[in-house]
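One structure below.
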Amino acid sequence: MMKHPFLLCCFMLLQLLTAAQSPFTFAHVSDIHIGSDHADEDLRRTVTDINRNPSLAFVIISGDITEFGADSELQLAKSILDSLQKPWYIIPGNHDTKWSESGGNTFRRVFGSETFSFSHAGYTFIGTNCGPNMRMGPGQVPRENIVWLDSLLRKKDTVTPIIYVNHYPQNTDLNNWYEAIDRLKQHNIQLILCGHGHANRQFDFENIPGIMGRSNLRAKDSIGGYNIVTVAGNTVTYEERTPLLEKNRQWAVVTLRNHSRMYDTASFERPSYAMNDSFPNVRIRWTWQDNNDIGSGMALYGNLVIAANTAGEIYALQTATGRKKWTFPTGGKIYATPVVSGNVIIAASSDHYIYCLDAATGRQRWRYATGKPVVASPLAANGIAYIGSSDGHFRAISIHDGKLKWAFTGVNGFVEDKPLLYQGNIYFGSWGNDLYALDAATGALQWKWNNGSSNRMFSPAACTPLGANGKVFIVAPDRYMTAFNATTGAVIWRKSIPHVRMRESQGLSADSSEVFIKTMDGGLYGVSATADSLQLNWQASLNMGYELNPASPIAFNHLIFIPTHSGVLYAVNSKDHTLSWKHKISNCLINTIVPLTKNTILVSTMDGKVTCVKYQ
C-alpha cells in the first residue's frame, strides 16, 4: 500500500489516463482540391472507402478543400463529405482562403467553423486555419485563431495529450509558426499533422513529431488516396490507403512522448528584431493590437485613422495615441480598404454590403446590398464610389444617398483590388484573367484585355493598375509587366525578365515618371513610365529576401516605403536608391503604409497591428 497521498493520486491519474487512451484508428485526408481535374471523383471514392471500414472512428481533413476557394467548389465538397458516415473535422488551406470570393466567409458558413477541437480516447485534437488569407504570402495562423487557441488551452490541463492539425507544416512556411507551437509546448503536445505538400512525409517540429499527409488527388496515378492512422499506446502508425485496389502501405511509425512543460525556445529559430538597433532614428510611437487579423489598408480622416478587421469591424483610432474612438460592426470579414470622401467613409464587407459611415462618429448613413460578398476596395471621386464585387458586377454608387448610378454586369470572376480612375475611365482586373476599362460616367465597356492563360491564378486581380503618360500599367502572378494605351487598350509593351521576377506589387513615383516594381527575389526596380518598351532605370541597393506581398511601394517625402510579407518596412532614398533605414514591425505581412506627417507614417500588419512609426 502506498503511504504518500500525493504519490497515490499521481498513480491513480496515470492509471486513468492509460485506461482512457485505448487504441483507435482514424482517417487523415488532405488536399482534396475540388475544382481541379477528377477531384470530385477521387473524393467520392475515398468517402466510399472510409464508410466501408468499421474500424475508423473519425476523419481529419487538413485543408485545401477546393482549388480556388469558389462558393460552388465549397458547396460541392460539402455535399460529398456529407456522405461520410463517421464524424469528420475540417480546416481550410491556402487554396480555400487566398482566392476566396467570399473572404473566407463561405467556408465558415458551409462547414460551421475554420477551427475544431474535440476529444477522443483520452486525446485532444485541435485544428486551426493557416491562411494566407486573401493576400499572397507565407501562411499565417490568423490572429483570431491564436486568441481562440489561448482561450481553449487556458481551460485545459497540461497532462492530456494533444494532436494539433494545421494545413501548413509547423515551421517557417508559416509566418507565425512560433505563436501556435510555443503555446502548445506549455501543454502535452505529442503530434502535429499537416497537408500542403501533397506527399507523405515525416517532420521534426522542434522535437515534436510531425506528419504530412498525401493529397487525395490521383495526380499522375489513376486512383487517389489517403492515410489510415492507428494510435496505440505511445505509437502512431501511418498507412497509405488506395481505394478500389484496397491496399494499405505502412510508411511511418512514430513514437509519442510527453511534451508537457517543454516551453524551451532558446534552441529554436525565432524572429529577430535586431535590425532595429541599427537604425535608432526610427522609433514606434504607439501600437494598437487587434484580436483579429487586419487584412486591409487604412484611411485618414483628420486626427483619426480608419481601419477594419476580420471580425467585420470598421473602427477609428486617434492618430496621436492609437486609442479607439468608435467601432461599427458588419456581418462578415473585411478585406477591403476603407476610403474617406469628405466627412464620410465608404467601406465594403463580405456580408454583401457596401457601407457609408459618418467619419467622425461611425454612424451609418446608408448601405447598399450586393448579390455576393465584397472583398474589393472602393475608390471615391467626384461624389461617386466605384467598386467591384464577387457577383460579376462593378458599380458606381452616389456617395450622397447610396443610389446606384450605373452597374457593369459583365465581370468574369471576382474583383479584389482597388480600381484606377484615369483619363475618364475606370480600370480594374478580376480573377477571371481579364483587365477592364469602363467609361467612368456611364459604365460602358471601353476595352477589355485577357492575358491568354487558362489558369485563373495568373489573373491581374491583386494588382492595382497605375496610370501615367497616357498608359496603364499592371504586373501579375504570371511575372509579366504590361503597358497599355489607356484609351484604346492596345498593348504598348508586355515583357517578362527571368532575373526580375515581378509579381503584383507596383507603385508610382511622385512625378509619375517611373513605376516601382518589387520582385519575388526581394529587389526593387524603377521602370520608365515614358519609354515605349520595358526600360529598367535603376535597381535599389538592398535585398529583402524572398518576397510575395502584393502591397504597393509608396513614394513620400524623398523616400520609397516598401512593405514586405515578413513584417519589415524598408525606406529607400528616392534620389540614389540606397537604403535609408529598415524596421521590423511584425513577422507577418504589412498591408499598407499611410503617410501621416513629414516624418511619421502609419503601418498595418496582417496579425492585427496598427503601428505609428516616427523617423528622422
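As shown in the C-alpha cells, the chain order sets the letters A, B, ...; within each chain, residues go from 1, and ligands are also counted from 1 in the order they appear.
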
Check your understanding: What lies within 9 Å of Phe107 of chain A using only C-alpha atoms, ignoring chain neighbours under 6 positions off, as a ChimeraX atom specification?
Key -> /A:69,71,74-75,91-92,96-97,100,113-114

Saved selection, atoms kept: C-alpha atoms, as a PDB file, in the first residue's frame:
ATOM      1  CA  GLY A  69     -11.989  28.854 -52.875  1.00  0.00           C
ATOM      2  CA  ASP A  71     -18.518  29.067 -53.386  1.00  0.00           C
ATOM      3  CA  LEU A  74     -17.070  24.547 -51.357  1.00  0.00           C
ATOM      4  CA  GLN A  75     -20.706  23.518 -51.768  1.00  0.00           C
ATOM      5  CA  ILE A  91      -9.931  23.107 -41.569  1.00  0.00           C
ATOM      6  CA  PRO A  92      -9.223  25.308 -44.609  1.00  0.00           C
ATOM      7  CA  ASP A  96      -9.600  27.944 -49.756  1.00  0.00           C
ATOM      8  CA  THR A  97      -8.611  31.340 -48.354  1.00  0.00           C
ATOM      9  CA  SER A 100     -11.831  33.275 -51.742  1.00  0.00           C
ATOM     10  CA  SER A 113     -16.097  26.903 -38.446  1.00  0.00           C
ATOM     11  CA  GLU A 114     -12.496  27.245 -39.595  1.00  0.00           C
TER      12      GLU A 114
END

**Study point:** All residues 8 Å or closer to Gln202 of chain A, only C-alpha atoms, same chain fewer than 3 positions away omitted, as a list in words
**Key:** Pro209, Gly210, Ile211, Met212 and Ala252 of chain A

Point to revise | Selected residue of minimal separation from Ser22 of chain A among A:Ile181, A:His167, A:Val231, A:Pro477, counting only C-alpha atoms | key: A:Val231

Exercise for review: Go through A:Ser566, A:Thr106, A:Thr172, A:Thr287 one by one, measure the shortest atom-to-atom distance of each to Lys609 of chain A using only C-alpha atoms, and give the residue with the smallest value.
Suggested key: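 So, comparing all the options, the nearest one is A:Thr287.
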
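Every protein or nucleic acid residue with an atom no more than 6 Å from segment 554-563 of chain A, counting only C-alpha atoms and leaving out same-chain residues fewer than 4 positions away, appears here: Ser509, Leu569, Tyr570, Ala571, Val572, Asn573, Ser574 and Ile590 of chain A.
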
For C-alpha atoms, I'd like the residues from the last selection saved as a PDB file, in the first residue's frame.
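File produced: out-v7.pdb:
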ATOM      1  CA  SER A 509       6.856  57.888 -58.330  1.00  0.00           C
ATOM      2  CA  LEU A 569       9.367  48.056 -43.548  1.00  0.00           C
ATOM      3  CA  TYR A 570      12.106  49.346 -45.866  1.00  0.00           C
ATOM      4  CA  ALA A 571      12.737  53.016 -46.655  1.00  0.00           C
ATOM      5  CA  VAL A 572      14.804  53.707 -49.785  1.00  0.00           C
ATOM      6  CA  ASN A 573      16.167  57.106 -50.775  1.00  0.00           C
ATOM      7  CA  SER A 574      14.296  58.164 -53.908  1.00  0.00           C
ATOM      8  CA  ILE A 590       2.418  44.542 -43.984  1.00  0.00           C
TER       9      ILE A 590
END

Review point. Near Pro161 of chain A, within 6 Å and counting only C-alpha atoms, which residues show up once chain neighbours fewer than 5 positions away are dropped, as a ChimeraX atom specification?
Key: /A:123,188-189

I need the chosen residues saved as a PDB file, in the first residue's frame, with N, CA and C atoms.
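Once written, out-v1.pdb looks like this:
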ATOM      1  N   TYR A 123      -7.344  11.676 -25.908  1.00  0.00           N
ATOM      2  CA  TYR A 123      -6.566  12.667 -26.657  1.00  0.00           C
ATOM      3  C   TYR A 123      -7.438  13.882 -26.977  1.00  0.00           C
ATOM      4  N   ASN A 188       0.722  19.156 -23.252  1.00  0.00           N
ATOM      5  CA  ASN A 188       1.289  17.868 -23.645  1.00  0.00           C
ATOM      6  C   ASN A 188       1.087  17.630 -25.145  1.00  0.00           C
ATOM      7  N   ILE A 189       1.697  18.467 -25.969  1.00  0.00           N
ATOM      8  CA  ILE A 189       1.609  18.305 -27.418  1.00  0.00           C
ATOM      9  C   ILE A 189       2.466  17.098 -27.819  1.00  0.00           C
TER      10      ILE A 189
END

Practice item. As a PyMOL selection string, please: all residues of segment 236-450 of chain A that backbone DSSP puts in strand (DSSP E or B). Key: chain A and resi 236-242+247-255+282-289+299-301+304-308+313-318+324-329+339-341+344-348+353-358+364-369+379-381+384-388+394-398+404-408+420-422+425-429+434-439+445-450

Pull the closest atom pair for each residue of segment 131-181 of chain A that gets at most 12 Å from segment 26-43 of chain A, along with the distance in Å to one decimal, counting only C-alpha atoms, ordering rows by chain and then ascending residue number, as CSV.
residue,atom,partner,partner_atom,distance
A:Val165,CA,A:His28,CA,10.4
A:Asn166,CA,A:Ser30,CA,10.6
A:His167,CA,A:Ser30,CA,8.3
A:Tyr168,CA,A:Asp31,CA,11.0
